[in-house]
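Visitor: Supplied in structure tokens, the structure appears directly below.
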Amino acid sequence: MNTTSEGRVSAAELRRRVRANQALQAKTRELAASEVLSKRQAAKEAADAKEAADLAARETVAAALRLFDNDVELVSQLLEVPGEELEREAKPISAARAKEVVAALRARAERPRARRSRPPRSAGVQSPAPETEHPESASPAGGRADAA
């Protein structure tokens, strides 16, 4: 089918179509540029996160080796990671930083675990009634005969 079959297209219509086409091209370029920027930003954030994770992993390896008196073979067996890889990862970490990581791990281990509170029971569920049938003095362990 030929566009001239409708008849002649006026110059004003041609100009309108050209402007519409240019506007579409400009919008397409704008969207492409916007997508490039957002993808670059996402890639940068991912690279930063990977770098931070790699550093944390190297520090943790150095701390583990320090905790096991630099017994690479033992740590290698425990982690199922080749000893050469462990040494390579731990090498760039200073002894002072490894000490800091070990101290943080010890502090974390000494901290009491936070217990999760149970959600309150719904009104429809009855809580068990306190035991008044068996006074505490009746059992030899002060009411805890079955607790052992």
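Here's how to read the names in the structure tokens: chain A, B, ... by the order shown, residue numbers from 1 in each chain, ligand numbers from 1 in the order shown.
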Extract, using only C-alpha atoms, all DNA, RNA and protein residues at most 12 Å from A:Arg88, discarding same-chain residues fewer than 5 positions from it, and format them as a list of chain:residue names.
Guide: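 So the residues in contact are A:Ala57, A:Arg58, A:Glu59, A:Val61, A:Ala62, A:Leu65, A:Val72, A:Val81, A:Pro82, A:Gly83, A:Ile93.
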Visitor: Next, dump the selected residues to file, keeping only all heavy atoms, as a compact mmCIF listing (two decimals), in the first residue's frame.
Guide:
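Now in part.txt:
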```
# COMPACT_ATOMS: atom_id res chain seq x y z
N ALA A 57 35.42 -11.21 54.78
CA ALA A 57 35.83 -12.62 54.70
C ALA A 57 37.32 -12.78 54.98
O ALA A 57 37.73 -13.68 55.72
CB ALA A 57 35.49 -13.19 53.32
N ARG A 58 38.14 -11.90 54.41
CA ARG A 58 39.59 -11.96 54.67
C ARG A 58 39.89 -11.72 56.14
O ARG A 58 40.72 -12.42 56.73
CB ARG A 58 40.32 -10.95 53.80
CG ARG A 58 40.40 -11.35 52.33
CD ARG A 58 41.35 -10.46 51.54
NE ARG A 58 41.00 -9.05 51.59
CZ ARG A 58 40.20 -8.44 50.73
NH1 ARG A 58 39.66 -9.12 49.75
NH2 ARG A 58 39.95 -7.15 50.84
N GLU A 59 39.21 -10.75 56.74
CA GLU A 59 39.43 -10.47 58.16
C GLU A 59 39.02 -11.66 59.02
O GLU A 59 39.69 -11.99 60.00
CB GLU A 59 38.65 -9.22 58.59
CG GLU A 59 39.23 -7.95 58.03
CD GLU A 59 38.40 -6.73 58.36
OE1 GLU A 59 37.24 -6.88 58.80
OE2 GLU A 59 38.92 -5.61 58.17
N VAL A 61 38.94 -14.83 58.13
CA VAL A 61 39.93 -15.90 57.94
C VAL A 61 41.15 -15.61 58.80
O VAL A 61 41.68 -16.51 59.48
CB VAL A 61 40.31 -16.05 56.45
CG1 VAL A 61 41.55 -16.91 56.28
CG2 VAL A 61 39.16 -16.65 55.67
N ALA A 62 41.62 -14.37 58.79
CA ALA A 62 42.79 -14.01 59.60
C ALA A 62 42.50 -14.22 61.08
O ALA A 62 43.35 -14.73 61.83
CB ALA A 62 43.19 -12.56 59.34
N LEU A 65 42.46 -18.01 61.82
CA LEU A 65 43.83 -18.53 61.90
C LEU A 65 44.49 -18.12 63.21
O LEU A 65 45.20 -18.91 63.85
CB LEU A 65 44.65 -18.05 60.70
CG LEU A 65 44.31 -18.72 59.37
CD1 LEU A 65 45.04 -18.04 58.22
CD2 LEU A 65 44.63 -20.20 59.41
N VAL A 72 47.23 -23.55 59.85
CA VAL A 72 46.53 -23.47 58.57
C VAL A 72 45.92 -24.81 58.20
O VAL A 72 44.79 -24.88 57.68
CB VAL A 72 47.49 -22.98 57.46
CG1 VAL A 72 46.81 -22.98 56.11
CG2 VAL A 72 48.01 -21.61 57.79
N VAL A 81 38.53 -25.74 52.98
CA VAL A 81 39.07 -24.77 52.03
C VAL A 81 40.56 -25.04 51.93
O VAL A 81 41.20 -25.29 52.95
CB VAL A 81 38.82 -23.32 52.53
CG1 VAL A 81 39.45 -22.31 51.61
CG2 VAL A 81 37.34 -23.06 52.67
N PRO A 82 41.13 -25.01 50.73
CA PRO A 82 42.57 -25.26 50.61
C PRO A 82 43.39 -24.29 51.46
O PRO A 82 43.07 -23.09 51.56
CB PRO A 82 42.86 -25.04 49.12
CG PRO A 82 41.53 -25.16 48.45
CD PRO A 82 40.49 -24.77 49.44
N GLY A 83 44.43 -24.81 52.08
CA GLY A 83 45.28 -24.00 52.96
C GLY A 83 45.92 -22.83 52.24
O GLY A 83 46.06 -21.75 52.82
N ILE A 93 45.76 -8.94 55.73
CA ILE A 93 45.17 -8.43 56.97
C ILE A 93 46.26 -8.32 58.03
O ILE A 93 46.99 -9.28 58.29
CB ILE A 93 44.04 -9.35 57.46
CG1 ILE A 93 42.99 -9.54 56.38
CG2 ILE A 93 43.42 -8.80 58.74
CD1 ILE A 93 42.36 -8.28 55.87
```
Visitor: When distances are computed from only C-alpha atoms, which of A:Gln22, A:Thr60, A:Gln77, A:Ser10 shows the smallest separation from A:Glu89?
Guide: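 Smallest distance to A:Glu89 is found for A:Thr60.
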Visitor: Rounded to one decimal, what separation in Å do you get between atom CA of A:Arg115 and atom CA of A:Ala63?
Guide: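 So the two atoms, atom CA of A:Arg115 and atom CA of A:Ala63, lie 27.8 Å apart.
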Visitor: Would you please give, as a ChimeraX atom specification, all residues of stretch 37-103 of chain A that DSSP assigns to alpha helix (DSSP H) based on the backbone?
Guide: /A:37-67,72-79,83-90,95-103
Visitor: When distances are computed from only C-alpha atoms, which of A:Ala32, A:Ala64, A:Ala90, A:Ala42 shows the smallest separation from A:Arg106?
Guide: A:Ala64
Visitor: Between atom CA of A:Ala49 and atom CA of A:Glu35, what distance in Å does the model show, to one decimal?
Guide: 20.9 Å
Visitor: Please report the interatomic distance between atom CA of A:Arg66 and atom CA of A:Glu80 in Å with one decimal.
Guide: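 So the two atoms, atom CA of A:Arg66 and atom CA of A:Glu80, lie 17.5 Å apart.
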